[in-house]
Amino acid sequence: MAVSASAPAAYNGWAVREPGPMDTGPLERVLRQTSAPGPGDLLLRVEACGVCRTDLHLAEGDLVPRRPSTIPGHEIVGRVEAVGEGVKLFRVGDRAGGAWLRGTCGTCAYCRSGRENLCPRSTYTGWDADGGFAETAVVPEAFAYRLPGERNPASLAPLLCAGIIGYRALLRSALPEGGRLGIYGFGASAHLAAQVALAEGATVHVLTRSAQARALALELGAASASGAYDQPPEPLDSAILFAPVGDLVPVALEALDRSGTLAVAGIHLSDIPVLNYQRHLFQERNLRSVTSNTRQDGRDFLALAERIGIRVTVSPYPLSRADRALADLAADRVNGAAVLVPG
């Protein structure tokens with residue numbers, strides 16, 4: 001199907017030129033030709049795109065690029081400009097969301113058992129294909145989410161990765177009903193996961209180096225907020241590590257009560273120090289990783305977010321300042337979630 005008349009012939013965006021620290025300028029502005037969506041694809045006019053720490057890892061080289069000059073961004077909110085052959089669920093003008101998980105094989109043991117997040121042939125938006133740091137983006141219909149058309153797109157964008165992966169991390173943390181949850185790091189994902197836990201009756205303790213983030217945590221209802229390496233005021237049933245800092249793994253494990261669980265939510269983590277079995281793991285403490293999410297996780301979380309009226313704290317940036325948004329994220333200068341808004 002041809003691109004609709006309203007879609008631009010070319011679009012602006014940002015691509016990873018050469019990975020490296022943000023002060024080396026790893027992002028470059030690009031102008032690319034708009035292509036017609038392929039079979040099963042949606043062409044979106046981007047209304048907002050969240051800025052995720054995974055985008056930062058890609059720009060700085062912690063994640064090795066899978067293709068040259070890739071446009072990052074996988075928290076995409078947009079309007080459908082055109083649809084490819086075979087698309088059935090979306091029409092031109094609908095609002096759709098594109099997220100991190102972009103494709104799976106559908107046939108491996110993991111896909112067939114409801115664990116598609118572990119598919120060895122999975123692909124990802126902004127890593128295997130161009131993402132949403134641009135004016136337009138192409139998203140497979142099978143991995144797109146239907147979003148409410150009347151909501152502010154900037155407040156929806158962080159839900160599509162920060163929210164979904166925070167929700168999966170909360171599930172992986174095995175938080176018991178009415179339990180005590182520790183959250184290490186308090187950025188985009190953490191401030192959403194905390195609200196889910198609070199809505200479910202948990203006591204939440206936040207541990208982060210940012211004074212601004214600690215203030216936000218208390219405003220959202222956390223029982224305490226202290227420094228990242230501090231001990232919480234009571235033993236924890238569960239903990240989630242959102243900060244990509246391996247040094248915090250033993251700190252969080254030591255804060256757990258007997259049989260407690262620590263879930264590490266990041267796609268990248270600096271090296272973990274040597275653990276002491278008696279201090280960190282004995283008494284059946286559990287250490288778990290979190291790997292991407294399933295589409296069902298996404299559907300469940302988006303429905304839950306709507307039901308509890310989740311509050312998204314947004315720091316908006318124009319698309320023209322995508323490099324500044326990533327630099328601010330690297331320096332912990334973002335309160336809540338950074339979001340790019342074209343225009």
# chains A, B, ... in the order shown; residues from 1 in each chain; ligands from 1
$ residues_around --residues "A:Gly97" --least-positions-apart "6" --cutoff "7 Å" --atoms "only C-alpha atoms" --output "mmCIF file with N, CA and C atoms, in the first residue's frame"
data_model
loop_
_atom_site.group_PDB
_atom_site.id
_atom_site.type_symbol
_atom_site.label_atom_id
_atom_site.label_comp_id
_atom_site.auth_asym_id
_atom_site.auth_seq_id
_atom_site.Cartn_x
_atom_site.Cartn_y
_atom_site.Cartn_z
ATOM 1 N N ILE A 76 7.070 4.577 21.579
ATOM 2 C CA ILE A 76 6.550 5.388 20.483
ATOM 3 C C ILE A 76 5.034 5.508 20.566
ATOM 4 N N VAL A 77 4.556 6.725 20.569
ATOM 5 C CA VAL A 77 3.125 7.005 20.457
ATOM 6 C C VAL A 77 2.919 7.749 19.145
ATOM 7 N N GLY A 78 2.023 7.251 18.300
ATOM 8 C CA GLY A 78 1.825 7.907 17.020
ATOM 9 C C GLY A 78 0.458 7.641 16.423
ATOM 10 N N ALA A 144 2.120 -3.969 18.064
ATOM 11 C CA ALA A 144 1.668 -2.617 18.403
ATOM 12 C C ALA A 144 0.562 -2.685 19.450
ATOM 13 N N TYR A 145 0.414 -1.613 20.195
ATOM 14 C CA TYR A 145 -0.615 -1.510 21.225
ATOM 15 C C TYR A 145 -1.608 -0.420 20.836
ATOM 16 N N ARG A 146 -2.885 -0.700 21.015
ATOM 17 C CA ARG A 146 -3.909 0.323 20.806
ATOM 18 C C ARG A 146 -3.912 1.251 22.023
ATOM 19 N N LEU A 147 -3.896 2.564 21.765
ATOM 20 C CA LEU A 147 -3.808 3.552 22.842
ATOM 21 C C LEU A 147 -4.984 4.519 22.754
#
$ residues_around --residues "A:Gly221" --least-positions-apart "3" --cutoff "12 Å" --atoms "only C-alpha atoms" --output "ChimeraX atom specification"
/A:191-192,194-199,201-206,214-218,224-225,311
$ residues_around --residues "stretch 158-165 of chain A" --least-positions-apart "4" --cutoff "9 Å" --atoms "only C-alpha atoms" --output "VMD selection string"
chain A and resid 49 to 52 74 to 77 97 to 100 145 154 169 to 170 187 to 193 265 to 266 290 to 293 297 to 302 305 312 314 337 to 339
$ residues_around --residues "A:Trp14" --least-positions-apart "3" --cutoff "12 Å" --atoms "only C-alpha atoms" --output "ChimeraX atom specification"
/A:11,17,25-32,55,59,69-73,126,130-136,319-326,340,342
$ select_by_dssp --residues "stretch 29-122 of chain A" --states "alpha helix (DSSP H)" --output "short mmCIF file (atom, residue, chain, number, x, y, z; two decimals) with N, CA, C and O atoms, in the first residue's frame"
data_model
loop_
_atom_site.label_atom_id
_atom_site.label_comp_id
_atom_site.auth_asym_id
_atom_site.auth_seq_id
_atom_site.Cartn_x
_atom_site.Cartn_y
_atom_site.Cartn_z
N ARG A 53 16.66 4.35 29.29
CA ARG A 53 18.08 4.11 29.56
C ARG A 53 18.68 3.13 28.57
O ARG A 53 19.88 3.17 28.29
N THR A 54 17.86 2.25 27.99
CA THR A 54 18.37 1.35 26.95
C THR A 54 18.86 2.15 25.75
O THR A 54 19.87 1.78 25.12
N ASP A 55 18.18 3.25 25.40
CA ASP A 55 18.65 4.11 24.33
C ASP A 55 20.03 4.69 24.67
O ASP A 55 20.91 4.80 23.80
N LEU A 56 20.22 5.03 25.92
CA LEU A 56 21.50 5.54 26.37
C LEU A 56 22.58 4.46 26.27
O LEU A 56 23.70 4.72 25.82
N HIS A 57 22.24 3.23 26.67
CA HIS A 57 23.21 2.13 26.56
C HIS A 57 23.62 1.91 25.11
O HIS A 57 24.78 1.61 24.82
N LEU A 58 22.66 2.04 24.18
CA LEU A 58 22.98 1.87 22.77
C LEU A 58 23.87 3.00 22.28
O LEU A 58 24.87 2.77 21.57
N ALA A 59 23.55 4.23 22.65
CA ALA A 59 24.34 5.38 22.21
C ALA A 59 25.76 5.33 22.75
O ALA A 59 26.72 5.68 22.05
N GLU A 60 25.91 4.87 24.00
CA GLU A 60 27.24 4.88 24.62
C GLU A 60 28.01 3.59 24.38
O GLU A 60 29.18 3.49 24.76
N ALA A 109 10.36 -23.13 21.71
CA ALA A 109 9.76 -23.61 22.96
C ALA A 109 9.35 -22.46 23.86
O ALA A 109 8.34 -22.54 24.58
N TYR A 110 10.11 -21.36 23.83
CA TYR A 110 9.78 -20.21 24.67
C TYR A 110 8.52 -19.52 24.18
O TYR A 110 7.63 -19.19 24.97
N CYS A 111 8.42 -19.30 22.88
CA CYS A 111 7.21 -18.66 22.33
C CYS A 111 5.98 -19.53 22.57
O CYS A 111 4.91 -19.03 22.94
N ARG A 112 6.13 -20.83 22.38
CA ARG A 112 4.97 -21.72 22.50
C ARG A 112 4.52 -21.89 23.95
O ARG A 112 3.39 -22.32 24.20
#
$ closest_residue --among "A:Thr294, A:Arg288, A:Val245, A:Leu44" --to "A:Ser122" --atoms "only C-alpha atoms"
A:Thr294
$ decode --residues "stretch 319-333 of chain A" --atoms "all heavy atoms" --output "short mmCIF file (atom, residue, chain, number, x, y, z; two decimals), in the first residue's frame"
data_model
loop_
_atom_site.label_atom_id
_atom_site.label_comp_id
_atom_site.auth_asym_id
_atom_site.auth_seq_id
_atom_site.Cartn_x
_atom_site.Cartn_y
_atom_site.Cartn_z
N LEU A 319 12.16 17.21 19.81
CA LEU A 319 12.95 16.21 19.09
C LEU A 319 14.32 16.76 18.72
O LEU A 319 15.32 16.01 18.72
CB LEU A 319 12.19 15.77 17.83
CG LEU A 319 12.90 14.79 16.90
CD1 LEU A 319 13.20 13.48 17.60
CD2 LEU A 319 12.07 14.55 15.64
N SER A 320 14.40 18.04 18.45
CA SER A 320 15.68 18.66 18.07
C SER A 320 16.71 18.61 19.18
O SER A 320 17.90 18.86 18.93
CB SER A 320 15.45 20.12 17.65
OG SER A 320 14.91 20.87 18.73
N ARG A 321 16.29 18.26 20.42
CA ARG A 321 17.23 18.19 21.55
C ARG A 321 17.35 16.76 22.08
O ARG A 321 17.59 16.55 23.27
CB ARG A 321 16.77 19.12 22.68
CG ARG A 321 16.67 20.59 22.30
CD ARG A 321 17.97 21.16 21.71
NE ARG A 321 19.11 20.98 22.57
CZ ARG A 321 19.44 21.82 23.56
NH1 ARG A 321 18.67 22.88 23.81
NH2 ARG A 321 20.51 21.61 24.28
N ALA A 322 17.24 15.79 21.21
CA ALA A 322 17.36 14.39 21.65
C ALA A 322 18.72 14.12 22.28
O ALA A 322 18.82 13.36 23.26
CB ALA A 322 17.14 13.45 20.46
N ASP A 323 19.77 14.73 21.75
CA ASP A 323 21.10 14.52 22.32
C ASP A 323 21.17 15.08 23.74
O ASP A 323 21.78 14.47 24.63
CB ASP A 323 22.18 15.13 21.44
CG ASP A 323 21.92 16.60 21.09
OD1 ASP A 323 20.81 17.12 21.32
OD2 ASP A 323 22.86 17.24 20.56
N ARG A 324 20.51 16.21 23.97
CA ARG A 324 20.49 16.79 25.32
C ARG A 324 19.69 15.90 26.27
O ARG A 324 20.08 15.73 27.45
CB ARG A 324 19.88 18.19 25.26
CG ARG A 324 19.67 18.84 26.64
CD ARG A 324 20.99 19.02 27.41
NE ARG A 324 20.77 19.57 28.72
CZ ARG A 324 20.74 20.89 28.99
NH1 ARG A 324 20.89 21.76 28.00
NH2 ARG A 324 20.55 21.32 30.21
N ALA A 325 18.59 15.34 25.80
CA ALA A 325 17.78 14.46 26.64
C ALA A 325 18.59 13.26 27.12
O ALA A 325 18.55 12.89 28.31
CB ALA A 325 16.53 14.00 25.90
N LEU A 326 19.34 12.64 26.21
CA LEU A 326 20.17 11.50 26.60
C LEU A 326 21.29 11.92 27.54
O LEU A 326 21.63 11.19 28.48
CB LEU A 326 20.74 10.81 25.36
CG LEU A 326 19.87 9.77 24.67
CD1 LEU A 326 20.64 9.11 23.53
CD2 LEU A 326 19.37 8.70 25.63
N ALA A 327 21.89 13.07 27.28
CA ALA A 327 22.95 13.56 28.17
C ALA A 327 22.41 13.82 29.57
O ALA A 327 23.06 13.50 30.58
CB ALA A 327 23.58 14.82 27.59
N ASP A 328 21.22 14.40 29.67
CA ASP A 328 20.61 14.65 30.97
C ASP A 328 20.28 13.33 31.68
O ASP A 328 20.43 13.22 32.90
CB ASP A 328 19.34 15.49 30.81
CG ASP A 328 19.63 16.95 30.50
OD1 ASP A 328 20.81 17.35 30.59
OD2 ASP A 328 18.69 17.68 30.17
N LEU A 329 19.83 12.34 30.91
CA LEU A 329 19.55 11.03 31.50
C LEU A 329 20.83 10.42 32.05
O LEU A 329 20.84 9.85 33.16
CB LEU A 329 18.92 10.12 30.45
CG LEU A 329 18.51 8.72 30.91
CD1 LEU A 329 17.45 8.79 32.00
CD2 LEU A 329 18.00 7.89 29.73
N ALA A 330 21.92 10.53 31.30
CA ALA A 330 23.20 9.97 31.75
C ALA A 330 23.68 10.62 33.04
O ALA A 330 24.32 9.97 33.87
CB ALA A 330 24.25 10.14 30.65
N ALA A 331 23.35 11.90 33.21
CA ALA A 331 23.81 12.65 34.37
C ALA A 331 22.78 12.70 35.49
O ALA A 331 22.96 13.45 36.46
CB ALA A 331 24.19 14.06 33.95
N ASP A 332 21.71 11.92 35.38
CA ASP A 332 20.65 11.90 36.39
C ASP A 332 20.02 13.27 36.60
O ASP A 332 19.67 13.65 37.72
CB ASP A 332 21.17 11.36 37.73
CG ASP A 332 21.21 9.85 37.76
OD1 ASP A 332 20.57 9.22 36.89
OD2 ASP A 332 21.89 9.29 38.63
N ARG A 333 19.85 14.00 35.50
CA ARG A 333 19.21 15.32 35.59
C ARG A 333 17.74 15.28 35.18
O ARG A 333 17.09 16.32 35.11
CB ARG A 333 19.95 16.34 34.71
CG ARG A 333 21.35 16.69 35.18
CD ARG A 333 21.91 17.86 34.42
NE ARG A 333 22.15 17.57 33.03
CZ ARG A 333 23.35 17.24 32.53
NH1 ARG A 333 24.40 17.15 33.34
NH2 ARG A 333 23.49 17.00 31.24
#
